[in-house]
Structure formats: structure tokens, C-alpha cells
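Contents: one structure, followed by commentary.
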Amino acid sequence: MKKNVKALALFSGGLDSALAIKLITNQGIEVIALNFVSHFFGGKNEKAEAMARQLGVQLEYVDFSEKHIEMMKNPVYGRGKNMNPCIDCHALMFKFAGELLEKYGADFLISGEVLGQRPMSQNYQALEKVKGLSKLEDLIIRPLSAKLLPPSKAELEGLVDREQLLDIEGRSRKRQIEIAEQMGIEDYPTPAGGCLLTDPGYSKRLKLIEEDGLLSEENADIFHLLKKGRFFRFEKGKYLFVGRMKEDNDEIVKYKNAGRFFIRGKGVGGPYILGYGELSEEQTEFAKNLFSRYCKFKGDQPIEIFFNEEPVPVDVINKEKVEENIKKYQITME
């Protein structure tokens, strides 16, 4: 076998990608784990870093947010049930990884994809589409299902022993859990929808942003603001982002300079509110009244707020009108 064989792995930090790496490192092959970062998934996180340490591999973050957004506008293979262009997304990750082969002196790519685990995006045809779209057909190995798929260049050339790879198929994770125990892999995260684009509630909000013509990198702040709290849409490009809990407020305040105005309480706790776009006077007044409605006084007494850090009084509100406007403009996650 060739000395100093090296692979790059698409790595989420989950069990499947961890097992894929272990199956390759057990053959004496060095693996560098790539965690892809978009506006909707990935990014620096303790679980991925802890798993990389446990596996003894180098972890690198690859930000492909801008290209990912461009791909989302017109994915070749469309989207799933929500805003998720899974086939095109996987292909784009492989394409980026392929461009990094030379930088890291690597010979091939691996991922933790399992044949049939996801009916639409990980069936045989979908996996082949990913290879074709990425233009890296013979450089991709999926170690967990390799024996059920055509052999890669690395297998044919003897860089990887195909017999040490697996033939896992389907949605059950029983075999993966058993193999993890045998390999001594511990503290792996439970499977969850790590990509927000598969979430129906988030997709509902993001779809409106797309319909408003704002699905582009220059509007990336919106994609992050949609993740937390309440969202109100008045019309195209005119929104309110309203905290529901402290963690929502903590997120909204990061983007306070991205909006037209920022509201917080003066001497009274309540939601942080970011007004986005050229809001009218009436819409701005609604935002002020909304703070009063959601603070502990429920709009029943005069309060003061900071409006772009200037103290502003807010009188007792017309609850019926405010509630009517909440129902009219709020875009729930349901």
C-alpha cells in the first residue's frame, strides 16, 4: 500500500461521519475532518471538536456560505419537503472538498452517508447524482455502505482495502451503534435535524424571504435573525424580529446595527425588537406597542423604552388593535 495515504472527510461530528473516519484511519490512513459551515448548519461547536479529538484527527472548518446561498436559488435537483436542496448541497460540499485535496495532499474523499438512510437524498440514484454533480465520481468513498456501491479509484488502486469497509443500508442505526461500541467510540450526539432547511417552521419563514427577493448573501443577517423568537412581516422587505426569551434577545442584539431601529426596555424587562427595512410610522408605533404588550405590564400602564438608545415614552396601548395586528403580521413556526 502507498505510504502516507491521506483522505478528507465530510464531518458533522455525528456517529455516521465518525464511523466513516474510523474505518479509514484503522487502515493506517490519515484523515482530515472538514466541517462545512453555511448560514443554516455547521460551524464551530464543542461536540464536533470533542469527537475529532476522540478520533485523533485534525478538524478544519470550511465556510461555503456564499456559494451555498447561490446554489439554493436554483438547485439542479430541486428541494425536499422544505427549503432543503440536499442532493445539490452534498455535491457542493464534495466539490469544495475536492478543491482542497491538493492543499492537504489528500488522495480521496469520504463521508458518513448511508445508502437508504434518507429515502430521497441517500437512495442509490441520489448518491450517484451527488457524485456526478460534484464531478468527483471516482474520488468519493462512503465507507459505511461502500460494499453496496461501485468501487472508487482508491479502492481499485489498493489505497483502501474494500474488504474492511461495510455494507450498511437503511434507516436503522442498530449496526452503527454496535460498531461504535466495538470501536470504542463514545459520547456521540443523537441524530437530529442539524440543517435548519429541513425544519418546516424555519423554512416557512425563509420561503417568504425568498419570495421577497432577499435570498442572497448581502441579506445574510436576516437568515440568522429568523432562527430565534417571533417574526413579523408587514410587506416585502419590512420586518420585525422580536425576542421571546433571553437567548433570543442575546441573538437579536448581535444584529442591532443591521436594522432600521432597535428597541429595548428602560427600567422594565421585555423583548429586544429589531425593525428591518423602511418601516412606516404606523409600523414603527406597532413595534413600540408590541414591546409594551410583551413586557410584564402587558400594555396596561405607561412605560419608557430605549429606541435606538434614546429614551421614548410609550402610553397605555389599545390591546384589541395590537392583538389584531399580531394575528395579521406574525409568521409563526407552526
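Within each chain, counting starts at residue 1; across the C-alpha cells, chains are named A, B, ... in the order shown, with ligands numbered 1 upward in that order.
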
Practice task
Run DSSP on the backbone and give me the residues of region 98-309 of chain A it puts in helix (DSSP H, G or I), as a PyMOL selection string.
Solution key: chain A and resi 98-99+101-104+124-134+137-139+146-148+153-156+162-164+174-183+196-198+200-211+217-225+246-258+281-294

Which residues, written as an mmCIF file with C-alpha atoms, in the first residue's frame, have at least one atom at most 12 Å from Ile179 (chain A), with only C-alpha atoms counted and residues fewer than 5 positions away on the same chain left out?
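Writing the result to result-v7.cif gives the following:
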```cif
data_model
loop_
_atom_site.group_PDB
_atom_site.id
_atom_site.type_symbol
_atom_site.label_atom_id
_atom_site.label_comp_id
_atom_site.auth_asym_id
_atom_site.auth_seq_id
_atom_site.Cartn_x
_atom_site.Cartn_y
_atom_site.Cartn_z
ATOM 1 C CA LEU A 15 -21.978 8.988 14.623
ATOM 2 C CA ASP A 16 -22.012 8.135 10.917
ATOM 3 C CA ALA A 18 -17.225 9.421 12.969
ATOM 4 C CA LEU A 19 -17.540 5.756 11.981
ATOM 5 C CA ALA A 20 -16.589 6.552 8.391
ATOM 6 C CA LYS A 22 -12.602 5.332 11.974
ATOM 7 C CA LEU A 23 -12.983 2.741 9.209
ATOM 8 C CA LEU A 144 -20.432 2.614 5.750
ATOM 9 C CA LEU A 165 -15.453 -1.355 4.581
ATOM 10 C CA LEU A 166 -19.120 -2.007 5.314
ATOM 11 C CA ILE A 168 -24.902 -0.878 5.883
ATOM 12 C CA ARG A 173 -28.873 2.712 13.286
ATOM 13 C CA LYS A 174 -28.551 -0.539 15.205
ATOM 14 C CA GLY A 184 -14.716 2.392 21.479
ATOM 15 C CA ILE A 185 -16.443 5.488 20.102
ATOM 16 C CA GLU A 186 -18.308 7.207 22.933
#
```

Handout entry: Atomic distance CA of Gly265 (chain A) - CA of Ala287 (chain A), expressed in Å with one decimal
Key =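 These two atoms are separated by 12.4 Å.
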
Report the residues of region 51-222 of chain A whose backbone DSSP state falls under strand (DSSP E), written as a compact mmCIF listing (two decimals) with all heavy atoms, in the first residue's frame.
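What landed in states_20.txt:
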```txt
# COMPACT_ATOMS: atom_id res chain seq x y z
N GLN A 58 -7.41 15.79 12.72
CA GLN A 58 -7.40 17.24 12.59
C GLN A 58 -8.77 17.70 12.08
O GLN A 58 -9.34 17.10 11.17
CB GLN A 58 -6.31 17.64 11.59
CG GLN A 58 -6.22 19.12 11.26
CD GLN A 58 -5.15 19.39 10.22
OE1 GLN A 58 -4.26 18.57 10.01
NE2 GLN A 58 -5.24 20.54 9.57
N LEU A 59 -9.30 18.75 12.69
CA LEU A 59 -10.60 19.30 12.28
C LEU A 59 -10.40 20.68 11.67
O LEU A 59 -9.75 21.54 12.25
CB LEU A 59 -11.54 19.41 13.50
CG LEU A 59 -12.89 20.10 13.28
CD1 LEU A 59 -13.73 19.36 12.25
CD2 LEU A 59 -13.64 20.23 14.61
N GLU A 60 -10.98 20.87 10.49
CA GLU A 60 -10.93 22.16 9.81
C GLU A 60 -12.36 22.61 9.48
O GLU A 60 -13.20 21.79 9.08
CB GLU A 60 -10.12 22.06 8.52
CG GLU A 60 -8.67 21.68 8.71
CD GLU A 60 -7.83 22.80 9.30
OE1 GLU A 60 -8.30 23.96 9.29
OE2 GLU A 60 -6.71 22.52 9.78
N TYR A 61 -12.62 23.90 9.67
CA TYR A 61 -13.92 24.46 9.29
C TYR A 61 -13.82 25.06 7.90
O TYR A 61 -12.87 25.80 7.60
CB TYR A 61 -14.36 25.52 10.30
CG TYR A 61 -14.68 24.95 11.67
CD1 TYR A 61 -13.78 25.06 12.73
CD2 TYR A 61 -15.88 24.29 11.89
CE1 TYR A 61 -14.07 24.53 13.98
CE2 TYR A 61 -16.18 23.75 13.14
CZ TYR A 61 -15.28 23.87 14.17
OH TYR A 61 -15.58 23.35 15.41
N VAL A 62 -14.80 24.76 7.06
CA VAL A 62 -14.82 25.25 5.69
C VAL A 62 -16.10 26.06 5.49
O VAL A 62 -17.20 25.50 5.44
CB VAL A 62 -14.77 24.09 4.67
CG1 VAL A 62 -14.79 24.64 3.25
CG2 VAL A 62 -13.55 23.21 4.92
N ASP A 63 -15.95 27.36 5.39
CA ASP A 63 -17.11 28.24 5.21
C ASP A 63 -17.43 28.35 3.72
O ASP A 63 -16.68 28.92 2.95
CB ASP A 63 -16.81 29.62 5.80
CG ASP A 63 -18.05 30.50 5.90
OD1 ASP A 63 -18.95 30.34 5.04
OD2 ASP A 63 -18.13 31.34 6.81
N PHE A 108 -8.24 11.13 -1.61
CA PHE A 108 -9.66 10.88 -1.89
C PHE A 108 -10.52 11.48 -0.79
O PHE A 108 -10.02 12.03 0.21
CB PHE A 108 -9.93 9.37 -2.02
CG PHE A 108 -9.58 8.56 -0.80
CD1 PHE A 108 -10.51 8.29 0.18
CD2 PHE A 108 -8.29 8.04 -0.64
CE1 PHE A 108 -10.19 7.54 1.30
CE2 PHE A 108 -7.94 7.30 0.48
CZ PHE A 108 -8.90 7.04 1.45
N LEU A 109 -11.83 11.38 -0.99
CA LEU A 109 -12.81 11.96 -0.06
C LEU A 109 -13.69 10.88 0.52
O LEU A 109 -14.00 9.88 -0.14
CB LEU A 109 -13.70 12.97 -0.81
CG LEU A 109 -13.00 14.05 -1.63
CD1 LEU A 109 -14.02 14.82 -2.45
CD2 LEU A 109 -12.22 14.99 -0.72
N ILE A 110 -14.15 11.11 1.77
CA ILE A 110 -15.09 10.17 2.38
C ILE A 110 -16.24 10.94 3.04
O ILE A 110 -16.10 12.13 3.36
CB ILE A 110 -14.42 9.25 3.43
CG1 ILE A 110 -13.96 10.07 4.66
CG2 ILE A 110 -13.25 8.50 2.82
CD1 ILE A 110 -13.49 9.19 5.83
N ILE A 140 -14.76 9.57 -4.45
CA ILE A 140 -15.61 9.56 -3.25
C ILE A 140 -15.81 8.14 -2.74
O ILE A 140 -16.18 7.24 -3.50
CB ILE A 140 -16.98 10.19 -3.56
CG1 ILE A 140 -16.82 11.68 -3.91
CG2 ILE A 140 -17.93 10.03 -2.38
CD1 ILE A 140 -18.10 12.34 -4.41
N ILE A 141 -15.57 7.96 -1.44
CA ILE A 141 -15.86 6.69 -0.77
C ILE A 141 -16.85 6.96 0.35
O ILE A 141 -16.68 7.90 1.13
CB ILE A 141 -14.59 6.04 -0.18
CG1 ILE A 141 -13.54 5.79 -1.26
CG2 ILE A 141 -14.95 4.72 0.52
CD1 ILE A 141 -12.26 5.17 -0.72
```

Practice task
For CA of Lys95 (chain A) and CA of Ser134 (chain A), quote the distance in Å rounded to one decimal.
Solution key: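 Interatomic distance, CA of Lys95 (chain A) to CA of Ser134 (chain A): 4.9 Å.
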
Exercise for the section: Quote the spacing between CA of Glu169 (chain A) and CA of Ala48 (chain A) in Å to one decimal place. Expected result: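 One can read the CA of Glu169 (chain A) to CA of Ala48 (chain A) distance as 24.4 Å.
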
Problem - Residue neighbourhood Glu113 (chain A), 8 Å, only C-alpha atoms, exclusion window fewer than 2 positions, as a list in words - result: Asp16, Ser17, Ser111, Leu115, Gln117, Gln122, Arg142, Leu144 and Ser145 of chain A

Could you take the residues named above and write them with N, CA, C and O atoms, as a PDB file, in the first residue's frame?
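Output file part.pdb follows:
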```
ATOM      1  N   ASP A  16     -22.335   8.707  12.228  1.00  0.00           N
ATOM      2  CA  ASP A  16     -22.012   8.135  10.917  1.00  0.00           C
ATOM      3  C   ASP A  16     -20.699   8.674  10.366  1.00  0.00           C
ATOM      4  O   ASP A  16     -19.866   7.907   9.856  1.00  0.00           O
ATOM      5  N   SER A  17     -20.506   9.981  10.453  1.00  0.00           N
ATOM      6  CA  SER A  17     -19.246  10.530   9.933  1.00  0.00           C
ATOM      7  C   SER A  17     -18.065  10.103  10.792  1.00  0.00           C
ATOM      8  O   SER A  17     -16.949   9.911  10.288  1.00  0.00           O
ATOM      9  N   SER A 111     -17.332  10.232   3.240  1.00  0.00           N
ATOM     10  CA  SER A 111     -18.448  10.810   4.005  1.00  0.00           C
ATOM     11  C   SER A 111     -19.149   9.702   4.768  1.00  0.00           C
ATOM     12  O   SER A 111     -18.950   8.513   4.489  1.00  0.00           O
ATOM     13  N   LEU A 115     -26.458   4.334   2.492  1.00  0.00           N
ATOM     14  CA  LEU A 115     -27.415   4.026   1.435  1.00  0.00           C
ATOM     15  C   LEU A 115     -28.801   3.755   2.033  1.00  0.00           C
ATOM     16  O   LEU A 115     -28.955   2.896   2.902  1.00  0.00           O
ATOM     17  N   GLN A 117     -30.595   5.558   4.028  1.00  0.00           N
ATOM     18  CA  GLN A 117     -30.919   6.120   5.348  1.00  0.00           C
ATOM     19  C   GLN A 117     -31.944   7.241   5.231  1.00  0.00           C
ATOM     20  O   GLN A 117     -32.822   7.393   6.073  1.00  0.00           O
ATOM     21  N   GLN A 122     -30.572   9.936  -0.026  1.00  0.00           N
ATOM     22  CA  GLN A 122     -29.495   8.957   0.121  1.00  0.00           C
ATOM     23  C   GLN A 122     -29.885   7.603  -0.469  1.00  0.00           C
ATOM     24  O   GLN A 122     -29.381   6.570  -0.037  1.00  0.00           O
ATOM     25  N   ARG A 142     -17.850   6.097   0.439  1.00  0.00           N
ATOM     26  CA  ARG A 142     -18.801   6.141   1.553  1.00  0.00           C
ATOM     27  C   ARG A 142     -18.590   4.853   2.346  1.00  0.00           C
ATOM     28  O   ARG A 142     -19.239   3.840   2.071  1.00  0.00           O
ATOM     29  N   LEU A 144     -19.400   3.398   5.069  1.00  0.00           N
ATOM     30  CA  LEU A 144     -20.432   2.614   5.750  1.00  0.00           C
ATOM     31  C   LEU A 144     -21.247   1.764   4.773  1.00  0.00           C
ATOM     32  O   LEU A 144     -21.825   0.744   5.172  1.00  0.00           O
ATOM     33  N   SER A 145     -21.317   2.180   3.522  1.00  0.00           N
ATOM     34  CA  SER A 145     -22.097   1.448   2.521  1.00  0.00           C
ATOM     35  C   SER A 145     -21.268   1.069   1.300  1.00  0.00           C
ATOM     36  O   SER A 145     -21.824   0.697   0.266  1.00  0.00           O
TER      37      SER A 145
END
```

Exercise for the section: Please provide as a ChimeraX atom specification all residues within 9 Å of Leu206 (chain A), with the sequence filter that same-chain residues fewer than 5 positions apart are discarded (counting only C-alpha atoms). Expected result: /A:83,197,201,211,215,222-223,226

Put those residues in a file: N, CA and C atoms, as a PDB file, in the first residue's frame.
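part18.pdb, written as the output of this step:
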```pdb
ATOM      1  N   MET A  83     -37.099  23.708   2.546  1.00  0.00           N
ATOM      2  CA  MET A  83     -36.176  24.527   1.741  1.00  0.00           C
ATOM      3  C   MET A  83     -34.849  23.808   1.501  1.00  0.00           C
ATOM      4  N   LEU A 197     -32.714  24.002   7.134  1.00  0.00           N
ATOM      5  CA  LEU A 197     -33.509  23.982   5.909  1.00  0.00           C
ATOM      6  C   LEU A 197     -34.468  22.799   5.859  1.00  0.00           C
ATOM      7  N   GLY A 201     -40.891  24.920  10.167  1.00  0.00           N
ATOM      8  CA  GLY A 201     -41.157  26.272  10.666  1.00  0.00           C
ATOM      9  C   GLY A 201     -40.173  27.287  10.141  1.00  0.00           C
ATOM     10  N   GLU A 211     -39.383  34.790  -1.477  1.00  0.00           N
ATOM     11  CA  GLU A 211     -40.433  35.412  -2.284  1.00  0.00           C
ATOM     12  C   GLU A 211     -40.283  36.932  -2.329  1.00  0.00           C
ATOM     13  N   LEU A 215     -33.160  36.411  -0.901  1.00  0.00           N
ATOM     14  CA  LEU A 215     -32.350  35.221  -0.648  1.00  0.00           C
ATOM     15  C   LEU A 215     -30.988  35.400  -1.314  1.00  0.00           C
ATOM     16  N   ILE A 222     -30.555  38.429   7.941  1.00  0.00           N
ATOM     17  CA  ILE A 222     -31.951  38.009   8.065  1.00  0.00           C
ATOM     18  C   ILE A 222     -32.039  36.517   8.341  1.00  0.00           C
ATOM     19  N   PHE A 223     -31.214  35.724   7.656  1.00  0.00           N
ATOM     20  CA  PHE A 223     -31.277  34.268   7.821  1.00  0.00           C
ATOM     21  C   PHE A 223     -31.032  33.868   9.269  1.00  0.00           C
ATOM     22  N   LEU A 226     -33.990  35.028  11.687  1.00  0.00           N
ATOM     23  CA  LEU A 226     -35.178  34.180  11.562  1.00  0.00           C
ATOM     24  C   LEU A 226     -35.146  32.982  12.500  1.00  0.00           C
TER      25      LEU A 226
END
```
